[in-house]
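**Student:** First the structure, which I've put down as structure tokens, then a few questions once you've had a look.
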Amino acid sequence: MGQVRRRSGDASSRDNGEQGREEDDLTCGDVTLLARFSWAGHNGPWAVPGARFLYPNFATSPRGSPRGRAETPPKESMLLRAGLPHLRRRAAALPRSLAPRRLSSDPPPGIEWTDTVDYLDETGEVLSSAPGARPAVPGADPTILSGSSAHPLPRPAAAARLAALALRLRSGPSLTAALSALPSPPDPALLLLAASSLPASDPVPLLSLVAWARTQPWFAPSDDLSSLVAARLPPPTHSSDILSLFDDALAHPDPALFPRTLNAVVSALATHGLLEPAFYCFKRLRDAGFRGLATPACNALLSLLLTRGLAFKAFEVLDEMSVCGCALDKATYELAVPALARAGRIDASRKLFDEMGQRDGVGPASPAVYSTMVDVLAKSGRLDAAMGMYREMVVVGHRVSTAVSTAMVEGLVKAGKLDAGMELWEEMRRGGLRPSFGLYTMVVEANARSGRLDVAAKLFGDMEKSGFFPTPATYACLVEMHASAGQVDIAMRMYHSMANAGTRPGLSTFTALLTMLANKRLLDLAAKVLLEMKASGFPIEVTASDMLMIYIKDGSTELALKWLRFMGSAGIRTNNFIIRQLFESCMKMGLYDSARPLLETYVGAAAKVDMILYTSILAHLVRCQDEDSERAIMNILSVSRHKAHDFMCGLFTGPEQRKKPVLSFVREFFQGIDYENEESAARYFVNVLLNYLVLMGQMNRARCVWKVAYENKLFPKAIVFDQHIAWSLDIRNLSVGAALIATVHTLHRFRKRMLYYGVVPRRIKLVTGPTLKMVVAQVLASLESPFEVSKVVLRAPGDSVLEWFKKPIVQQFLLNEIPSKSDVLMHKLNVMFPSSAPEVRSLSLPRSLGMPR
């Protein structure tokens, strides 16, 4: 085997007789050199790539005498110390791979190698020589003290010694003193090596070692050391130290030299959920124009922001990644695409989604991303895009989840595409997916609301067989839809099933059910359901009143009265409006005995009987032909307690009881009317009252009422005087009695103006309209009037009317001294009187339409 020897001085002197001493002593000064060779086998080649000089395996005494000696190597690797001249000649032929290697470190400046190392073969011939060993220089080499001598220390051992001191003393003055007392100061590379060897679970020794190093003159900040410290420190307890590292790196003249440190700080803070400091560091890097943010750090910050619900801040990080040119990886796409979609930025999310599919190395999107995109597109109404994404998800090979199918079916159903939704439902069922409870509920309710009650009932049965308990909303939807369709049996069966399942029906369910029963006139069943509604804690007054209105509007007055009696027995009150509606319905049906208690209830509830209601009762009295009914209506009028009733009673009494003339009495009543609020009601009252007075033969009282009504401008455009051209009377909007009284009174005024003042117009018109045309024409024709009848107007020349006014019979007629032609007048009265009543009545002629001749 080959051997290595070390020589000092000239090699020739070593060859001339000092070989024996060199064979026994391998030391030179305080340095021992060993060359290790690797043996690949007894017959194999030499392997010397690992041949390098090692630091001593034994120490010398302070005097320099050897204290120990290396053990003799085994026979296979025994070092031969015989130098043979012929082996030196073979050194030139040594393969290049076996050439001597350099020492592990170059000597410090100004220090030369002191020894030469010869490489010998088995015969002792020198293969090659090279300078090698030298004394250790304190302060320039990693050393260890042995007594007072400094021995070289390997860099791993020196780093281990630093780490051992930091672990043993941890922190404080003792550690600082021990580190400052080292024979030679470490360099930054050795500090990094020592820091790397410290355990990651305890950051205190690392912080202490770095803090000491920062006070040394040889310390130089490095990205490797700072990033190591940032990665080792736990942010929850050392956030201030991490931020200090960040500030130091950012305060460097060139922060771009610390990319790993800055990224490690952001990533550590974001990974441990420290949102505010992490985003603060990100903003400072953005403001400083730092373009070295790495994808993992951005992903950690994105994930934290999205977890906290700060999507708009996450989009700032995403925009900064595009500005910095930071490559997006699969994790970035998985975070950004769903976040953009949920935030409503659907176009941007679809753009990133397409980019994700086209980028090499990213691969197809995960099922979660597909699910989110389908859900968002479906809910936003983009059903075509959602369906395309759904089909693409199937093609890629992802299993479609129930949530995705639910989103698609729900989107189609809500968009009114129930057929397409049901097709997708069947496709999902054939694919083996079990519909969720929510999907079952939605499909059942959608079919029910669309009128497909048979399909909804079948799906409802499947839902129960699948083990899902229907919600109150599903029950309510089915009950309400069947009730709306008028299917009483199914609706009631579903209602009882709902109650047996322990589900409490809602207000809308009760309302729909009761409305159906009211329309079907199932009063007893409706009363039972209403009491159950009351027992469930719902207010029932409004619902009961609504049902009462259904009976009233339907004309079922008997049922309405029966339902009102039930409400009274159950202690349910209704409002005055409905009482009034039912009262008017009873009056129309001639149920006066039932109407009077209703009006008493109405008045007793502090409700005011207005003039319109009183006038409507008076109109019923005008139309009445039965004496008993007239007496009942008169009692109802007295129950109303309206001031118009006192006026009616006073109008029919004599002047002794009234104690004032009729005209004054009428003027006093009309002065008390609020014309701003009751003008139309007063006009209606005058029309009906004049009808009644004409029928009762009270022509004088009727003319007083008309005169006062005209004075109070209730009929402001009835009489028009156009000087000498035309005079007209408009009676189109009057009742029959009012039209007759207005005609007689106005013609009397025309006569006085023409005879007393000598004013004769060219023509006189009576605008009657088609309804009153024949009534007025026949009355005037009995007196041989000159009025000609056209479509809606009676007209005559002024001169002819003047000559007609001069006839005594006309004068007596206009003064109510002779009766009119009763057969002509009452014929039309029987047909048309009163104007507020649609039915035809037959009355005999009143005894006195005027005073007898």
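The way I read the labels, and the way they are meant: chains A, B, ... in the order of the structure tokens, residue 1 as the first residue of every chain, and ligand 1 as the first ligand shown, with later ones counted on from there.
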Using only C-alpha atoms, which protein or nucleic acid residues come within 8 Å of stretch 793-806 of chain A? Drop anything in the same chain fewer than 4 positions from it, and give the result as a ChimeraX atom specification.
**Tutor:** /A:751,754-755,760-769,773,777,785-789,810-811
**Student:** Any chance you can output those residues with N, CA and C atoms as a compact mmCIF listing (two decimals), in the first residue's frame?
**Tutor:**
```
# COMPACT_ATOMS: atom_id res chain seq x y z
N ARG A 751 -139.70 82.58 -17.06
CA ARG A 751 -140.93 83.33 -17.33
C ARG A 751 -140.88 84.71 -16.68
N MET A 754 -138.47 86.99 -18.53
CA MET A 754 -138.94 87.42 -19.85
C MET A 754 -140.11 88.37 -19.74
N LEU A 755 -141.04 88.11 -18.80
CA LEU A 755 -142.23 88.95 -18.72
C LEU A 755 -141.97 90.23 -17.94
N VAL A 760 -135.72 88.62 -23.93
CA VAL A 760 -136.14 87.44 -24.66
C VAL A 760 -134.93 86.89 -25.41
N PRO A 761 -134.46 85.68 -25.07
CA PRO A 761 -133.31 85.12 -25.79
C PRO A 761 -133.73 84.56 -27.14
N ARG A 762 -132.77 84.26 -27.95
CA ARG A 762 -133.06 83.67 -29.25
C ARG A 762 -133.64 82.27 -29.09
N ARG A 763 -133.11 81.52 -28.13
CA ARG A 763 -133.58 80.15 -27.95
C ARG A 763 -133.40 79.74 -26.49
N ILE A 764 -134.12 78.73 -26.12
CA ILE A 764 -134.04 78.13 -24.79
C ILE A 764 -133.84 76.63 -24.96
N LYS A 765 -132.88 76.11 -24.20
CA LYS A 765 -132.56 74.68 -24.31
C LYS A 765 -132.73 74.01 -22.96
N LEU A 766 -133.22 72.80 -23.00
CA LEU A 766 -133.28 71.93 -21.85
C LEU A 766 -132.43 70.68 -22.16
N VAL A 767 -131.22 70.64 -21.58
CA VAL A 767 -130.29 69.53 -21.84
C VAL A 767 -130.66 68.40 -20.90
N THR A 768 -131.29 67.38 -21.44
CA THR A 768 -131.81 66.29 -20.60
C THR A 768 -130.97 65.02 -20.65
N GLY A 769 -130.27 64.80 -21.75
CA GLY A 769 -129.63 63.52 -21.92
C GLY A 769 -130.62 62.48 -22.37
N LYS A 773 -134.96 62.50 -21.29
CA LYS A 773 -135.52 63.23 -22.42
C LYS A 773 -137.04 63.02 -22.52
N ALA A 777 -140.14 65.70 -21.79
CA ALA A 777 -140.87 66.03 -23.02
C ALA A 777 -142.35 65.72 -22.87
N SER A 785 -146.39 72.59 -25.14
CA SER A 785 -145.20 73.45 -25.15
C SER A 785 -144.59 73.50 -26.53
N PRO A 786 -143.84 74.56 -26.83
CA PRO A 786 -143.20 74.68 -28.14
C PRO A 786 -141.86 73.95 -28.24
N PHE A 787 -141.44 73.23 -27.20
CA PHE A 787 -140.10 72.60 -27.21
C PHE A 787 -140.08 71.41 -28.18
N GLU A 788 -139.08 71.40 -29.00
CA GLU A 788 -138.87 70.30 -29.93
C GLU A 788 -137.84 69.33 -29.33
N VAL A 789 -138.06 68.06 -29.53
CA VAL A 789 -137.21 67.02 -28.94
C VAL A 789 -136.18 66.58 -29.97
N VAL A 810 -150.32 77.58 -18.33
CA VAL A 810 -148.88 77.44 -18.07
C VAL A 810 -148.51 78.16 -16.80
N GLN A 811 -149.12 79.34 -16.63
CA GLN A 811 -148.84 80.09 -15.42
C GLN A 811 -149.29 79.32 -14.19
```
**Student:** Go through stretch 285-378 of chain A and flag each residue having an atom no more than 9 Å from stretch 405-413 of chain A; for those, report the closest pair of atoms plus their distance in Å to one decimal, using only C-alpha atoms, ordered by chain and rising number, as a Markdown table.
**Tutor:**
```
| residue | atom | partner | partner_atom | distance |
| --- | --- | --- | --- | --- |
| A:Ser371 | CA | A:Ala407 | CA | 8.8 |
| A:Val374 | CA | A:Met408 | CA | 7.2 |
| A:Asp375 | CA | A:Ala407 | CA | 5.2 |
| A:Val376 | CA | A:Ala407 | CA | 8.4 |
| A:Leu377 | CA | A:Gly411 | CA | 8.7 |
| A:Ala378 | CA | A:Gly411 | CA | 5.0 |
```
**Student:** Might you pull out every residue within 12 Å of A:Ser638, with only C-alpha atoms counted and same-chain residues fewer than 2 positions away left off, and present them as a count of residues only?
**Tutor:** 24
**Student:** Enter the distance from atom CA of A:Ile540 to atom CA of A:Ser594, in Å, rounded to one decimal.
**Tutor:** 24.6 Å
**Student:** At what distance in Å, to one decimal, does atom CA of A:His482 lie from atom CA of A:Asp419?
**Tutor:**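 Taking atom CA of A:Asp419 and atom CA of A:His482, their separation equals 21.0 Å.
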**Student:** Within 12 Å of stretch 238-240 of chain A, counting only C-alpha atoms, which residues show up once you throw out same-chain ones fewer than 2 positions away? Write them as number ranges by chain, please.
**Tutor:** A: 202-204, 207, 229-236, 242-247, 265-266, 268-270, 272-278, 281
**Student:** Selected residues, N, CA and C atoms, written as a PDB file, in the first residue's frame, please.
**Tutor:**
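Final output, saved to again-v9.pdb:
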```pdb
ATOM      1  N   ASP A 202     -36.225  25.691  20.100  1.00  0.00           N
ATOM      2  CA  ASP A 202     -35.911  26.685  21.131  1.00  0.00           C
ATOM      3  C   ASP A 202     -35.210  27.863  20.468  1.00  0.00           C
ATOM      4  N   PRO A 203     -35.891  28.997  20.291  1.00  0.00           N
ATOM      5  CA  PRO A 203     -35.265  30.120  19.591  1.00  0.00           C
ATOM      6  C   PRO A 203     -34.370  30.990  20.469  1.00  0.00           C
ATOM      7  N   VAL A 204     -34.349  30.755  21.784  1.00  0.00           N
ATOM      8  CA  VAL A 204     -33.594  31.646  22.674  1.00  0.00           C
ATOM      9  C   VAL A 204     -32.096  31.567  22.403  1.00  0.00           C
ATOM     10  N   LEU A 207     -31.326  33.492  19.190  1.00  0.00           N
ATOM     11  CA  LEU A 207     -31.414  34.941  19.360  1.00  0.00           C
ATOM     12  C   LEU A 207     -30.219  35.479  20.142  1.00  0.00           C
ATOM     13  N   VAL A 229     -33.146  33.045  10.870  1.00  0.00           N
ATOM     14  CA  VAL A 229     -33.724  33.516  12.133  1.00  0.00           C
ATOM     15  C   VAL A 229     -35.226  33.730  11.974  1.00  0.00           C
ATOM     16  N   ALA A 230     -35.631  34.330  10.857  1.00  0.00           N
ATOM     17  CA  ALA A 230     -37.059  34.585  10.629  1.00  0.00           C
ATOM     18  C   ALA A 230     -37.852  33.289  10.545  1.00  0.00           C
ATOM     19  N   ALA A 231     -37.262  32.256   9.961  1.00  0.00           N
ATOM     20  CA  ALA A 231     -37.962  30.982   9.840  1.00  0.00           C
ATOM     21  C   ALA A 231     -38.017  30.236  11.165  1.00  0.00           C
ATOM     22  N   ARG A 232     -36.992  30.456  12.035  1.00  0.00           N
ATOM     23  CA  ARG A 232     -36.933  29.724  13.293  1.00  0.00           C
ATOM     24  C   ARG A 232     -37.818  30.343  14.385  1.00  0.00           C
ATOM     25  N   LEU A 233     -38.047  31.655  14.325  1.00  0.00           N
ATOM     26  CA  LEU A 233     -38.759  32.312  15.418  1.00  0.00           C
ATOM     27  C   LEU A 233     -40.261  32.074  15.299  1.00  0.00           C
ATOM     28  N   PRO A 234     -40.912  31.677  16.369  1.00  0.00           N
ATOM     29  CA  PRO A 234     -42.384  31.547  16.331  1.00  0.00           C
ATOM     30  C   PRO A 234     -43.039  32.923  16.405  1.00  0.00           C
ATOM     31  N   PRO A 235     -43.832  33.304  15.406  1.00  0.00           N
ATOM     32  CA  PRO A 235     -44.419  34.657  15.390  1.00  0.00           C
ATOM     33  C   PRO A 235     -45.323  34.970  16.574  1.00  0.00           C
ATOM     34  N   PRO A 236     -46.100  34.035  17.113  1.00  0.00           N
ATOM     35  CA  PRO A 236     -46.974  34.441  18.228  1.00  0.00           C
ATOM     36  C   PRO A 236     -46.234  35.004  19.425  1.00  0.00           C
ATOM     37  N   ILE A 242     -39.251  39.397  14.844  1.00  0.00           N
ATOM     38  CA  ILE A 242     -39.404  39.197  13.402  1.00  0.00           C
ATOM     39  C   ILE A 242     -39.565  40.542  12.693  1.00  0.00           C
ATOM     40  N   LEU A 243     -40.352  41.446  13.278  1.00  0.00           N
ATOM     41  CA  LEU A 243     -40.519  42.769  12.678  1.00  0.00           C
ATOM     42  C   LEU A 243     -39.211  43.554  12.710  1.00  0.00           C
ATOM     43  N   SER A 244     -38.384  43.332  13.722  1.00  0.00           N
ATOM     44  CA  SER A 244     -37.066  43.986  13.749  1.00  0.00           C
ATOM     45  C   SER A 244     -36.197  43.495  12.595  1.00  0.00           C
ATOM     46  N   LEU A 245     -36.214  42.179  12.355  1.00  0.00           N
ATOM     47  CA  LEU A 245     -35.488  41.655  11.191  1.00  0.00           C
ATOM     48  C   LEU A 245     -36.005  42.290   9.903  1.00  0.00           C
ATOM     49  N   PHE A 246     -37.347  42.428   9.805  1.00  0.00           N
ATOM     50  CA  PHE A 246     -37.936  43.037   8.614  1.00  0.00           C
ATOM     51  C   PHE A 246     -37.482  44.480   8.458  1.00  0.00           C
ATOM     52  N   ASP A 247     -37.488  45.231   9.554  1.00  0.00           N
ATOM     53  CA  ASP A 247     -37.075  46.634   9.486  1.00  0.00           C
ATOM     54  C   ASP A 247     -35.612  46.750   9.094  1.00  0.00           C
ATOM     55  N   VAL A 265     -40.395  36.605   6.512  1.00  0.00           N
ATOM     56  CA  VAL A 265     -41.144  37.360   7.522  1.00  0.00           C
ATOM     57  C   VAL A 265     -42.631  37.384   7.159  1.00  0.00           C
ATOM     58  N   VAL A 266     -42.945  37.746   5.922  1.00  0.00           N
ATOM     59  CA  VAL A 266     -44.347  37.817   5.504  1.00  0.00           C
ATOM     60  C   VAL A 266     -45.001  36.441   5.604  1.00  0.00           C
ATOM     61  N   ALA A 268     -44.130  33.855   7.503  1.00  0.00           N
ATOM     62  CA  ALA A 268     -44.280  33.394   8.891  1.00  0.00           C
ATOM     63  C   ALA A 268     -45.447  34.094   9.572  1.00  0.00           C
ATOM     64  N   LEU A 269     -45.542  35.397   9.409  1.00  0.00           N
ATOM     65  CA  LEU A 269     -46.629  36.135  10.051  1.00  0.00           C
ATOM     66  C   LEU A 269     -47.982  35.695   9.504  1.00  0.00           C
ATOM     67  N   ALA A 270     -48.082  35.518   8.191  1.00  0.00           N
ATOM     68  CA  ALA A 270     -49.352  35.128   7.589  1.00  0.00           C
ATOM     69  C   ALA A 270     -49.723  33.697   7.954  1.00  0.00           C
ATOM     70  N   HIS A 272     -49.057  32.072  10.631  1.00  0.00           N
ATOM     71  CA  HIS A 272     -49.494  31.963  12.025  1.00  0.00           C
ATOM     72  C   HIS A 272     -50.673  32.874  12.339  1.00  0.00           C
ATOM     73  N   GLY A 273     -51.339  33.417  11.316  1.00  0.00           N
ATOM     74  CA  GLY A 273     -52.586  34.150  11.529  1.00  0.00           C
ATOM     75  C   GLY A 273     -52.439  35.561  12.039  1.00  0.00           C
ATOM     76  N   LEU A 274     -51.240  36.153  11.982  1.00  0.00           N
ATOM     77  CA  LEU A 274     -51.046  37.541  12.430  1.00  0.00           C
ATOM     78  C   LEU A 274     -51.351  38.451  11.251  1.00  0.00           C
ATOM     79  N   LEU A 275     -52.625  38.782  11.105  1.00  0.00           N
ATOM     80  CA  LEU A 275     -53.083  39.488   9.909  1.00  0.00           C
ATOM     81  C   LEU A 275     -52.519  40.897   9.812  1.00  0.00           C
ATOM     82  N   GLU A 276     -52.676  41.672  10.876  1.00  0.00           N
ATOM     83  CA  GLU A 276     -52.296  43.083  10.795  1.00  0.00           C
ATOM     84  C   GLU A 276     -50.805  43.264  10.521  1.00  0.00           C
ATOM     85  N   PRO A 277     -49.903  42.614  11.298  1.00  0.00           N
ATOM     86  CA  PRO A 277     -48.479  42.800  10.958  1.00  0.00           C
ATOM     87  C   PRO A 277     -48.105  42.228   9.597  1.00  0.00           C
ATOM     88  N   ALA A 278     -48.753  41.127   9.183  1.00  0.00           N
ATOM     89  CA  ALA A 278     -48.419  40.552   7.877  1.00  0.00           C
ATOM     90  C   ALA A 278     -48.804  41.511   6.754  1.00  0.00           C
ATOM     91  N   CYS A 281     -46.496  44.561   6.712  1.00  0.00           N
ATOM     92  CA  CYS A 281     -45.226  44.302   6.010  1.00  0.00           C
ATOM     93  C   CYS A 281     -45.432  44.274   4.503  1.00  0.00           C
TER      94      CYS A 281
END
```
**Student:** Kindly give the distance, in Å, that separates atom CA of A:Thr215 and atom CA of A:Pro185, rounded to a single decimal.
**Tutor:**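 Answer for the atom CA of A:Thr215 to atom CA of A:Pro185 separation: 12.4 Å.
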**Student:** Mind checking DSSP for stretch 368-585 of chain A and telling me the alpha helix (DSSP H) residues as a PyMOL selection string?
**Tutor:** chain A and resi 368-379+383-396+402-414+418-430+437-449+453-465+472-484+488-500+507-519+523-535+541-553+557-569+576-585
**Student:** Closest to A:Val542 among A:His724, A:Arg573, A:Lys807, A:Lys717, using only C-alpha atoms?
**Tutor:**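 When distances to A:Val542 are compared using only C-alpha atoms, the smallest one comes from A:Arg573.
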**Student:** Closest to A:Arg382 among A:Asp347, A:Glu355, A:Glu122, A:Asp187, using only C-alpha atoms?
**Tutor:**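 Nearest to A:Arg382: A:Asp347.
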**Student:** Which residue is closest to A:Phe279? Choose from A:Lys313, A:Arg291, A:Lys553, A:Lys414 and count only C-alpha atoms.
**Tutor:**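 Using only C-alpha atoms, the shortest distance to A:Phe279 belongs to A:Lys313.
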**Student:** Kindly indicate which residue among A:Phe538, A:Trp706, A:Tyr592, A:Tyr119 lies nearest to A:Leu740, using only C-alpha atoms for the distances.
**Tutor:**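 Of the candidates, the smallest distance to A:Leu740 is held by A:Trp706.
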**Student:** Which residues are close to A:Val488, i.e. within 12 Å by only C-alpha atoms, leaving aside same-chain residues fewer than 4 positions away? Reply as a ChimeraX atom specification.
**Tutor:** /A:479-484,492-495,512-522,525-526
